[in-house]
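A.B. asks: Got a file for you: query00.txt, compact mmCIF, C-alpha atoms.
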# COMPACT_ATOMS: atom_id res chain seq x y z
CA MET A 1 -92.33 92.09 92.11
CA SER A 2 -90.96 93.36 88.80
CA GLN A 3 -92.96 95.72 86.59
CA GLY A 4 -92.94 93.08 83.89
CA SER A 5 -94.68 90.56 86.14
CA PHE A 6 -97.61 92.83 87.03
CA PRO A 7 -99.49 92.36 83.72
CA GLY A 8 -98.92 88.63 84.08
CA ILE A 9 -100.42 88.63 87.57
CA LEU A 10 -103.46 90.57 86.33
CA ALA A 11 -103.91 88.18 83.41
CA VAL A 12 -103.78 85.09 85.66
CA LEU A 13 -106.21 86.68 88.12
CA ALA A 14 -108.61 87.50 85.26
CA ALA A 15 -108.39 83.89 84.07
CA ALA A 16 -109.03 82.66 87.60
CA PHE A 17 -112.15 84.83 87.83
CA LEU A 18 -113.51 83.36 84.58
CA TRP A 19 -112.72 79.82 85.75
CA GLY A 20 -114.49 80.55 89.02
CA THR A 21 -117.77 80.88 87.10
CA THR A 22 -117.65 77.35 85.66
CA GLY A 23 -119.16 75.49 88.61
CA THR A 24 -122.09 77.87 88.86
CA ALA A 25 -122.60 77.81 85.09
CA ALA A 26 -122.68 74.00 85.11
CA THR A 27 -125.61 74.03 87.53
CA PHE A 28 -127.74 75.60 84.79
CA ALA A 29 -127.40 72.37 82.79
CA PRO A 30 -128.35 69.75 85.40
CA THR A 31 -128.99 67.04 82.80
CA VAL A 32 -125.39 67.18 81.57
CA GLY A 33 -123.03 64.90 83.50
CA PRO A 34 -119.65 66.07 84.80
CA LEU A 35 -117.67 64.02 82.26
CA ALA A 36 -119.57 65.54 79.34
CA MET A 37 -119.26 69.04 80.74
CA GLY A 38 -115.55 68.65 81.38
CA ALA A 39 -114.87 67.15 77.95
CA ALA A 40 -116.89 69.87 76.20
CA ALA A 41 -115.33 72.72 78.15
CA LEU A 42 -111.65 71.88 77.91
CA GLY A 43 -111.89 69.65 74.85
CA ILE A 44 -113.47 72.26 72.57
CA GLY A 45 -111.59 75.08 74.27
CA GLY A 46 -108.30 73.23 73.79
CA ILE A 47 -108.94 72.58 70.12
CA LEU A 48 -109.73 76.27 69.60
CA GLN A 49 -106.39 77.09 71.24
CA ALA A 50 -104.71 74.93 68.61
CA VAL A 51 -106.72 76.41 65.73
CA ILE A 52 -105.66 79.98 66.44
CA ALA A 53 -102.08 78.77 66.93
CA VAL A 54 -101.77 76.91 63.60
CA PRO A 55 -99.22 79.34 62.04
CA SER A 56 -97.12 79.26 65.19
CA LEU A 57 -97.42 75.47 65.49
CA ARG A 58 -96.11 75.11 61.93
CA ARG A 59 -93.14 77.37 62.63
CA GLU A 60 -92.32 75.65 65.92
CA HIS A 61 -92.97 72.07 64.77
CA ALA A 62 -89.34 70.97 65.00
CA GLU A 63 -88.86 72.45 68.46
CA LEU A 64 -92.09 70.91 69.73
CA SER A 65 -91.09 67.53 68.33
CA SER A 66 -87.78 67.69 70.14
CA HIS A 67 -89.65 68.23 73.41
CA ARG A 68 -92.54 65.87 72.73
CA GLY A 69 -92.29 64.33 76.20
CA THR A 70 -93.17 67.65 77.81
CA VAL A 71 -96.01 68.19 75.32
CA ILE A 72 -97.45 64.72 75.91
CA ALA A 73 -97.22 65.07 79.69
CA GLY A 74 -99.06 68.38 79.53
CA ALA A 75 -101.69 67.02 77.14
CA ALA A 76 -102.31 63.97 79.35
CA ALA A 77 -102.86 66.31 82.30
CA VAL A 78 -105.27 68.38 80.17
CA VAL A 79 -107.31 65.21 79.55
CA ILE A 80 -107.49 64.16 83.20
CA TYR A 81 -108.00 67.59 84.75
CA PRO A 82 -111.53 68.50 83.56
CA LEU A 83 -112.89 65.00 84.15
CA ALA A 84 -111.61 65.03 87.74
CA PHE A 85 -112.49 68.70 88.33
CA TYR A 86 -116.12 68.59 87.22
CA SER A 87 -116.67 65.24 88.94
CA SER A 88 -115.25 66.75 92.12
CA MET A 89 -117.72 69.63 91.96
CA HIS A 90 -120.56 67.22 91.15
CA LEU A 91 -119.85 65.13 94.25
CA ALA A 92 -118.66 67.67 96.81
CA GLY A 93 -120.38 70.84 95.62
CA VAL A 94 -119.17 73.83 93.65
CA ALA A 95 -117.34 75.53 96.50
CA VAL A 96 -115.54 72.49 97.95
CA GLY A 97 -114.69 70.91 94.59
CA THR A 98 -113.17 74.10 93.25
CA VAL A 99 -111.37 74.95 96.48
CA VAL A 100 -109.69 71.55 96.78
CA SER A 101 -108.74 71.39 93.10
CA LEU A 102 -107.08 74.78 93.04
CA GLY A 103 -105.93 74.80 96.63
CA SER A 104 -103.83 71.68 96.10
CA ALA A 105 -102.28 72.89 92.85
CA PRO A 106 -99.63 75.21 94.40
CA ILE A 107 -98.09 72.33 96.37
CA ALA A 108 -97.85 70.13 93.29
CA SER A 109 -96.55 73.02 91.21
CA GLY A 110 -93.89 73.94 93.74
CA LEU A 111 -92.74 70.33 93.98
CA LEU A 112 -92.51 70.12 90.18
CA GLU A 113 -90.36 73.23 90.00
CA ARG A 114 -88.20 72.00 92.86
CA VAL A 115 -87.63 68.56 91.31
CA MET A 116 -87.55 69.41 87.60
CA GLU A 117 -85.89 72.84 87.70
CA ARG A 118 -84.07 72.67 91.04
CA ARG A 119 -85.74 75.81 92.24
CA THR A 120 -85.87 76.56 95.94
CA LEU A 121 -89.27 77.81 97.00
CA SER A 122 -88.99 81.11 98.84
CA VAL A 123 -90.25 81.62 102.36
CA TRP A 124 -92.78 84.09 100.97
CA TRP A 125 -94.17 81.48 98.57
CA MET A 126 -94.42 78.96 101.39
CA LEU A 127 -96.27 81.50 103.51
CA ALA A 128 -98.62 82.39 100.66
CA ALA A 129 -99.30 78.75 99.82
CA ALA A 130 -99.80 77.88 103.49
CA LEU A 131 -102.32 80.67 103.96
CA GLY A 132 -104.19 79.63 100.85
CA ILE A 133 -104.18 75.94 101.66
CA VAL A 134 -105.26 76.50 105.27
CA GLY A 135 -108.02 78.72 103.97
CA CYS A 136 -109.10 76.00 101.56
CA ALA A 137 -109.02 73.38 104.34
CA VAL A 138 -111.12 75.53 106.63
CA LEU A 139 -113.66 76.11 103.87
CA CYS A 140 -113.89 72.37 103.11
CA ALA A 141 -114.20 71.44 106.80
CA ALA A 142 -116.97 73.98 107.22
CA GLN A 143 -118.89 72.47 104.32
CA MET A 144 -118.49 68.90 105.62
CA HIS A 145 -119.58 69.92 109.11
CA ASP A 146 -122.60 71.69 107.71
CA ALA A 147 -123.78 68.59 105.76
CA PRO A 148 -122.61 65.43 107.60
CA SER A 149 -124.94 63.16 105.59
CA GLU A 150 -122.95 64.04 102.47
CA THR A 151 -119.57 63.12 103.98
CA LEU A 152 -118.84 60.16 101.66
CA ARG A 153 -119.68 62.17 98.55
CA THR A 154 -117.61 65.03 99.87
CA VAL A 155 -114.62 62.76 100.57
CA ALA A 156 -114.82 61.30 97.05
CA GLY A 157 -115.06 64.82 95.67
CA VAL A 158 -112.01 65.89 97.70
CA VAL A 159 -109.96 62.97 96.35
CA LEU A 160 -110.90 63.85 92.77
CA GLY A 161 -110.13 67.48 93.56
CA LEU A 162 -106.59 66.48 94.60
CA VAL A 163 -106.20 64.66 91.27
CA ALA A 164 -107.44 67.76 89.47
CA GLY A 165 -105.00 69.96 91.40
CA ALA A 166 -102.04 67.73 90.54
CA THR A 167 -102.90 67.58 86.83
CA TYR A 168 -103.55 71.32 86.73
CA ALA A 169 -100.04 71.86 88.08
CA VAL A 170 -98.58 69.45 85.48
CA TYR A 171 -100.06 71.15 82.43
CA SER A 172 -99.22 74.60 83.81
CA TRP A 173 -95.62 73.53 84.32
CA SER A 174 -95.46 71.85 80.89
CA ALA A 175 -96.68 74.96 79.07
CA ARG A 176 -94.33 77.20 81.03
CA ARG A 177 -91.44 74.80 80.44
CA LEU A 178 -91.96 74.89 76.68
CA MET A 179 -92.01 78.69 76.76
CA ASN A 180 -88.79 78.78 78.78
CA LEU A 181 -87.20 76.56 76.12
CA GLY A 182 -87.83 79.28 73.56
CA ILE A 183 -91.13 78.08 72.09
CA ARG A 184 -93.63 80.86 71.51
CA ARG A 185 -96.63 81.14 73.78
CA ALA A 186 -99.20 80.34 71.08
CA ALA A 187 -97.36 77.20 69.97
CA ALA A 188 -96.80 75.95 73.53
CA MET A 189 -100.41 76.46 74.58
CA GLY A 190 -101.77 75.26 71.23
CA ALA A 191 -99.75 72.04 71.33
CA VAL A 192 -100.53 71.10 74.94
CA PHE A 193 -104.20 72.07 74.93
CA GLY A 194 -104.86 71.10 71.32
CA LEU A 195 -103.54 67.58 71.79
CA GLY A 196 -105.40 67.25 75.07
CA GLY A 197 -108.57 68.61 73.49
CA VAL A 198 -108.45 66.08 70.67
CA ALA A 199 -107.96 63.27 73.20
CA LEU A 200 -111.08 64.45 75.06
CA MET A 201 -113.30 64.16 71.98
CA PRO A 202 -114.08 60.41 72.44
CA VAL A 203 -115.29 61.20 75.96
CA LEU A 204 -117.49 63.97 74.59
CA LEU A 205 -118.91 61.69 71.88
CA LEU A 206 -119.77 59.01 74.46
CA THR A 207 -121.27 61.29 77.11
CA GLY A 208 -122.23 64.54 75.40
CA ALA A 209 -125.71 63.78 74.02
CA PRO A 210 -127.47 65.80 76.79
CA LEU A 211 -125.63 68.93 75.61
CA VAL A 212 -127.77 69.08 72.47
CA THR A 213 -131.11 68.12 73.99
CA SER A 214 -131.99 71.69 75.02
CA THR A 215 -131.03 75.23 74.10
CA GLN A 216 -130.06 75.97 77.70
CA ALA A 217 -127.71 73.01 77.97
CA PHE A 218 -126.11 73.87 74.64
CA THR A 219 -125.69 77.51 75.68
CA VAL A 220 -124.03 76.49 78.93
CA GLY A 221 -121.67 74.16 77.08
CA ALA A 222 -120.81 76.87 74.56
CA TYR A 223 -120.16 79.39 77.33
CA MET A 224 -117.88 76.94 79.16
CA ALA A 225 -115.83 76.21 76.04
CA LEU A 226 -115.56 79.77 74.71
CA VAL A 227 -115.29 81.99 77.79
CA PRO A 228 -113.68 80.28 80.82
CA MET A 229 -111.74 77.71 78.81
CA PHE A 230 -110.78 79.44 75.54
CA LEU A 231 -110.53 83.07 76.69
CA GLY A 232 -109.43 82.08 80.18
CA TYR A 233 -106.53 79.99 78.92
CA LEU A 234 -105.49 82.70 76.47
CA LEU A 235 -105.14 84.99 79.48
CA PHE A 236 -103.43 82.23 81.47
CA GLY A 237 -100.94 81.58 78.67
CA TYR A 238 -100.13 85.27 78.52
CA GLY A 239 -99.64 85.28 82.29
CA LEU A 240 -97.28 82.29 82.11
CA THR A 241 -94.92 84.30 79.91
CA ARG A 242 -94.44 86.73 82.79
CA VAL A 243 -94.70 84.70 85.99
CA ASN A 244 -93.51 81.18 86.77
CA ALA A 245 -95.85 78.23 87.16
CA SER A 246 -95.80 78.11 90.97
CA THR A 247 -96.75 81.80 91.14
CA ALA A 248 -99.50 81.30 88.56
CA THR A 249 -101.02 78.32 90.33
CA THR A 250 -100.96 80.13 93.66
CA LEU A 251 -102.59 83.20 92.11
CA THR A 252 -105.39 80.99 90.82
CA LEU A 253 -106.42 80.46 94.43
CA ALA A 254 -108.67 83.41 93.52
CA GLU A 255 -110.78 80.92 91.58
CA PRO A 256 -112.14 79.01 94.59
CA ALA A 257 -112.92 82.30 96.29
CA VAL A 258 -114.94 83.43 93.27
CA ALA A 259 -116.55 80.00 92.94
CA ALA A 260 -117.55 79.87 96.61
CA ILE A 261 -119.10 83.33 96.52
CA LEU A 262 -121.05 82.54 93.34
CA ALA A 263 -122.15 79.21 94.81
CA VAL A 264 -123.63 81.03 97.78
CA VAL A 265 -125.15 83.98 95.92
CA ILE A 266 -126.46 82.24 92.79
CA VAL A 267 -126.62 78.49 93.42
CA GLY A 268 -127.80 78.81 97.01
CA GLU A 269 -125.09 76.72 98.66
CA ARG A 270 -124.77 77.62 102.31
CA LEU A 271 -121.40 78.91 103.54
CA PRO A 272 -121.03 79.05 107.35
CA ALA A 273 -118.98 81.65 109.17
CA THR A 274 -115.89 79.42 109.28
CA GLY A 275 -116.15 79.08 105.50
CA TRP A 276 -115.87 82.82 105.10
CA ALA A 277 -112.80 82.70 107.37
CA GLY A 278 -111.32 80.24 104.89
CA LEU A 279 -111.96 82.67 102.06
CA ALA A 280 -110.15 85.36 104.05
CA GLY A 281 -107.11 83.08 104.21
CA ILE A 282 -107.19 82.68 100.42
CA CYS A 283 -107.31 86.45 99.96
CA ALA A 284 -104.37 86.85 102.36
CA SER A 285 -102.33 84.36 100.35
CA LEU A 286 -102.95 86.33 97.17
CA LEU A 287 -101.82 89.54 98.85
CA VAL A 288 -98.58 87.98 100.08
CA LEU A 289 -97.83 86.41 96.71
CA SER A 290 -98.51 89.60 94.80
CA LEU A 291 -96.04 91.56 96.92
CA ALA A 292 -93.21 89.03 97.23
CA PRO A 293 -91.16 86.74 94.96
CA ALA A 294 -92.35 83.16 94.68
CA THR A 295 -89.15 81.24 94.00
CA ARG A 296 -85.42 81.68 94.00
CA GLU A 297 -82.75 79.64 92.28
CA ASP A 298 -80.19 77.56 94.09
CA ALA A 299 -76.79 79.23 94.18
CA THR A 300 -75.26 76.21 92.45
CA GLU A 301 -77.67 76.37 89.50
CA PRO A 302 -77.66 78.65 86.49
CA PRO A 303 -80.15 81.47 86.87
CA HIS A 304 -83.74 81.10 85.65
CA SER A 305 -85.60 84.22 84.71
CA ASN A 306 -89.31 84.85 85.19
CA SER A 307 -89.15 86.66 81.87
CA LEU A 308 -88.98 84.77 78.61
CA PRO A 309 -86.55 85.29 75.76
CA ALA A 310 -87.27 88.44 73.77
CA ARG A 311 -88.81 86.59 70.84
CA GLN A 312 -91.50 85.18 73.13
CA GLU A 313 -93.07 88.61 73.33
CA ALA A 314 -93.45 88.87 69.58
Could you quickly redo this structure as structure tokens?
C.D. replies:
Amino acid sequence: MSQGSFPGILAVLAAAFLWGTTGTAATFAPTVGPLAMGAAALGIGGILQAVIAVPSLRREHAELSSHRGTVIAGAAAVVIYPLAFYSSMHLAGVAVGTVVSLGSAPIASGLLERVMERRTLSVWWMLAAALGIVGCAVLCAAQMHDAPSETLRTVAGVVLGLVAGATYAVYSWSARRLMNLGIRRAAAMGAVFGLGGVALMPVLLLTGAPLVTSTQAFTVGAYMALVPMFLGYLLFGYGLTRVNASTATTLTLAEPAVAAILAVVIVGERLPATGWAGLAGICASLLVLSLAPATREDATEPPHSNSLPARQEA
């Protein structure tokens, strides 16, 4: 691991910790549906990303226009992700919904980098991803075994979690791709999340009335938009300038660990012994990934660097 990647790893882990609080926070607004919560969290948070990036968006307008396909793909993923993610937690529970969503993201991210950038995933990345995914699977199986009457809801939640994981990988890759093309971090994140946030506003208008019916619901919605989504994605964007998307999505396996612990301690969800074994697998995956490179380039391809062009750091 290069010295330059260490701050990026810390930033992504900090973002993952903030994201891990979202499921527990949502339980404090039980009258707000998952679609409204997802649209408020990432919709408002995404628009704020664009607002603070306005100067950079103006400077990079031509470059963004020339790569509009990547921007649109990322924005579409931003729209789908929160709707699937919060619905997954609503159906399967905070721990399972978060674990499946983030546990499936490294596979999708690795496949994207392999197909789109011709990267060969390293053995270390495969080991880290395998440990994390097995840990996630064990945690989910433990939850389903512990509540067999909820199996159908859990299965539906798992399917939506897989959708969330795939779309999470797509917008992570899109943002990172724009940065690798020489577009500044603020412009890349502002374009992808801003466009996605605007597209989420109709969903919020249709479903968001419960957010303003009580002070508590409004406070929860504001927290979700400002802290995990806005601040969290600022940290995530910073991290993406220093680590590639497959590394970032694997590092965010810390999120389900945080979410599961909070679900047990605060929400009162029960986590059996095998569930804690699953969490141990997630922690092991993070340790492996932090100490070893995630990807390598094919010998026949021009080199890709985990660091961005110098002007990205400005």
A.B. asks: Looking at A:Val163, A:Trp276, A:Ala259, A:Leu234, which one is nearest to A:Val12, with distances taken over all atoms listed in the file?
C.D. replies: A:Leu234
A.B. asks: Within 12 Å of stretch 46-58 of chain A, which residues of stretch 231-287 of chain A show up? Give each one with its shortest atom-to-atom distance in Å (one decimal) and the two atoms involved, counting only C-alpha atoms, rows by chain then rising residue number, as a Markdown table.
C.D. replies:
| residue | atom | partner | partner_atom | distance |
| --- | --- | --- | --- | --- |
| A:Leu231 | CA | A:Gln49 | CA | 9.1 |
| A:Gly232 | CA | A:Gln49 | CA | 10.7 |
| A:Tyr233 | CA | A:Gln49 | CA | 8.2 |
| A:Leu234 | CA | A:Gln49 | CA | 7.7 |
| A:Leu235 | CA | A:Gln49 | CA | 11.5 |
| A:Phe236 | CA | A:Gln49 | CA | 11.8 |
| A:Gly237 | CA | A:Gln49 | CA | 10.3 |
A.B. asks: Would you list the contacts of A:His61 as a PyMOL selection string, taking every protein, DNA or RNA residue within 12 Å and counting all atoms listed in the file, but skipping same-chain residues closer than 6 positions in sequence?
C.D. replies: chain A and resi 53-55+67-68+71+183-184+187-188+190-191
A.B. asks: Give me the residues within 9 Å of stretch 101-109 of chain A as a count of residues only, counting all atoms listed in the file and dropping any in the same chain fewer than 3 places off.
C.D. replies: 43
A.B. asks: Smallest atom-to-atom distance to A:Tyr238: which of A:Phe17, A:Tyr86, A:Val203, A:Arg176, using all atoms listed in the file?
C.D. replies: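 For A:Tyr238, the nearest of the given residues is A:Arg176.
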A.B. asks: Can you measure atom CA of A:Thr219 to atom CA of A:Leu35 for me? One decimal in Å is fine.
C.D. replies: 17.0 Å
A.B. asks: Using atom CA of A:Cys140 and atom CA of A:Ser122 as the two end points, give the distance in Å to one decimal.
C.D. replies: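 If I compute the distance from atom CA of A:Cys140 to atom CA of A:Ser122, I get 26.7 Å.
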A.B. asks: Would you mind reading off the distance between atom CA of A:Ala95 and atom CA of A:Val258, one decimal, in Å?
C.D. replies: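 Separating atom CA of A:Ala95 from atom CA of A:Val258 is a distance of 8.9 Å.
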A.B. asks: Looking at all atoms listed in the file, which of A:Val94, A:Ala199, A:Asn180, A:Leu111 is the one that sits closest to A:Thr154?
C.D. replies: A:Val94
A.B. asks: Please, which residues are within 10 Å of (-119.2, 76.5, 83.0) by the file's coordinates, counting all atoms listed in the file, and could they come as a VMD selection string?
C.D. replies: chain A and resid 18 to 29 37 to 38 40 to 41 86 219 to 229
A.B. asks: From the options A:Arg153, A:Leu206, A:Gly239, A:Trp125, which residue's atoms come nearest to A:Leu287, counting only C-alpha atoms?
C.D. replies: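 Of the candidates, the smallest distance to A:Leu287 is held by A:Trp125.
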